[in-house]
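Heads up: the structure comes next, in C-alpha cells.
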Amino acid sequence: MTRTPPDWAGRALGDVLDRAAATRTETGDRFPLYADPDTGRWTTTGRGAWTGGFWAGLLWLRARHTGNAQDRAAAAACTARLADWVEADTATRGLILWYGTALAGADTGARELRTRAAKAALAALDPELGLVPWGSAFGGPRLLARVDDVPGMVALLAAGGPEGERAAASHLHRHLDLCLGGGGRVVPAREFDAASGWQTYGEPPAGWSRGSAWLLLAVADALHRPEVSRSAPDRLEAVAERLADTWTRPRTPLVPLADEARPAGPLDTSAAAIAAVALLKLARLPGCRAAQYAYRAAAILERLVGEHLTRGMLLDGCYDAGKGVAVRHELVWGDFFLALGLAALTGLVEIRDV
C-alpha cells in the first residue's frame, strides 16, 4: 500500500528549495557555508570547502522538484566547480563528490566527475592502514581516521568497480574498528603514529552529535550495497542497530545537543537531519525495526520543520560549538539533509540511491 505523504513535508520541501533559489542569487559562483539566523546572510567560500557537494546536491534537488531547465543548468554548473577537489588530499572528497553528483541523474558532466573522483579516491587508499586517510587539505595531522570521512566515501569508492567495492568495505570496517566503542559509543577521530599506533584525537570531541549521525549514515549506505556489505553483513546490521538505538530509544531528544559535554550549549539541527536520512535508509531494508526507524525519522523531520524551520532556513545548526563558530545558524548541509529527507517522504527521490 502506498502512503500519502504528509502535507507538511511537501510545503516544507518547497520552502527549503525556494530558499535555495534565493541563496543562489545571493551567492553567485561562491559556495554558501552558514547563514546568520537574524539576517539570513551567508558566509561563503570560493571553492566550497568540505560542504560544497551539499550545495550542489541541494541545487539538484531543486532542479528535480521544479523540472526547470534553468535550475538544472545551475546545478550542473555548480557541480562542475567541484572538479578541483578530485585530486585534493582529503577524505572529505566523499562528502563533496558523492553528494555533489548523486542526484544529477543522467547529467554527463556529473557522471564523468564521479568516475574521476572514484578513481582518485581508490588511488588514495593507504593499503597498510586499510583506509583513505583524512589528508592534509585542511591542515592538521594527515593520518587521521574521522567518522566524517566515511559517509559519501563508501559510495564513491564503490562506484569504482570491484576493486573500489573492496576498498569501500575496507575503509568502512577500519573506521568501525577505530571509531566505534562499547555500547555504540563513537570516538570521532583517531590519529596514527608510527611508534604508538592509533591514538584518540581530541577534535572533534567525544560528545559530538554529528559523529554518531555520520557513522550511522555510512553504515546505512553500505547495507544498501551488497557488493560492500557481503563480507560482513551481520556485523554491519548489528552496528546499524547499535548506532540507531542512540537516536531512537525512549526519551532521546529528537534534536540533540551539538556536544553532550555542554548541557547548556547549543543544539545541532544538522545532526538530527543527517540521522533522519540514515534512519530512512535503514527503514528501506527488510527487518522488524523498519517501521520504528521510519516513524522516528519522520518525527525528527517534523520537529525540525515545526520548531526550527523559518522561511526555508533550518536554524539552530552548530558549525563548531567548541570555537563558538555559527552555533545557532543555518548550515548548508543541514538544509541539504533536511531537503533530502523531505524529498524521500514525498517521493521525489528514492533514498536508497543517494
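For the C-alpha cells, the naming scheme is as follows: chains receive sequential letters (A, B, ...) according to their order of presentation, residues are indexed from 1 within each chain, and ligands are indexed from 1 in presentation order.
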
Going by DSSP on the backbone, which bits of region 240-332 of chain A are alpha helix (DSSP H)? Write them as JSON, numbers by chain, please.
{"A": [240, 241, 242, 243, 244, 245, 246, 247, 248, 269, 270, 271, 272, 273, 274, 275, 276, 277, 278, 279, 280, 281, 282, 283, 290, 291, 292, 293, 294, 295, 296, 297, 298, 299, 300, 301, 302, 303, 304, 305, 306, 307, 308, 332]}

Per residue of region 300-354 of chain A within 7 Å of region 270-281 of chain A, record the nearest atom pair and its distance in Å to one decimal, counting only C-alpha atoms, with rows in chain order and ascending residue number, as a Markdown table.
```
| residue | atom | partner | partner_atom | distance |
| --- | --- | --- | --- | --- |
| A:Ile300 | CA | A:Ala276 | CA | 6.3 |
| A:Leu301 | CA | A:Ala276 | CA | 6.8 |
| A:Gly317 | CA | A:Ser270 | CA | 5.4 |
| A:Trp333 | CA | A:Ser270 | CA | 6.8 |
| A:Gly334 | CA | A:Ser270 | CA | 4.1 |
| A:Phe337 | CA | A:Ala273 | CA | 5.4 |
| A:Leu338 | CA | A:Ala273 | CA | 5.2 |
| A:Gly341 | CA | A:Val277 | CA | 5.3 |
| A:Ile351 | CA | A:Lys281 | CA | 6.2 |
| A:Arg352 | CA | A:Lys281 | CA | 6.0 |
```

To one decimal place in Å, what is the distance between CA of Arg24 (chain A) and CA of Arg210 (chain A)?
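Taking CA of Arg24 (chain A) as the start and CA of Arg210 (chain A) as the end point, the length is 26.2 Å.
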
Could you list, as a ChimeraX atom specification, every residue within 9 Å of Arg328 (chain A), counting only C-alpha atoms and ignoring same-chain residues fewer than 3 positions away?
/A:36-37,266-269,315-319,325

Residue selection dump (C-alpha atoms) as a CSV table (one decimal), in the first residue's frame:
```
chain,number,residue,atom,x,y,z
A,36,ASP,CA,23.2,34.4,10.1
A,37,PRO,CA,19.9,33.4,11.9
A,266,PRO,CA,23.6,24.8,21.5
A,267,LEU,CA,21.6,22.2,19.7
A,268,ASP,CA,22.6,20.9,16.3
A,269,THR,CA,19.7,20.5,13.9
A,315,LEU,CA,18.1,27.3,12.0
A,316,ASP,CA,19.9,26.1,15.2
A,317,GLY,CA,22.6,24.3,13.4
A,318,CYS,CA,26.0,24.3,15.1
A,319,TYR,CA,29.1,24.6,13.0
A,325,VAL,CA,31.5,29.5,15.4
```

Non-local contacts of Leu236 (chain A) (12 Å; only C-alpha atoms; under 4 positions in same chain excluded) as an NGL selection string:
:A and (169 or 172-173 or 176-177 or 180 or 215-226 or 228-232 or 240-244 or 282)

Hey, can you check how far CA of Thr66 (chain A) sits from CA of Ala20 (chain A)?
12.2 Å
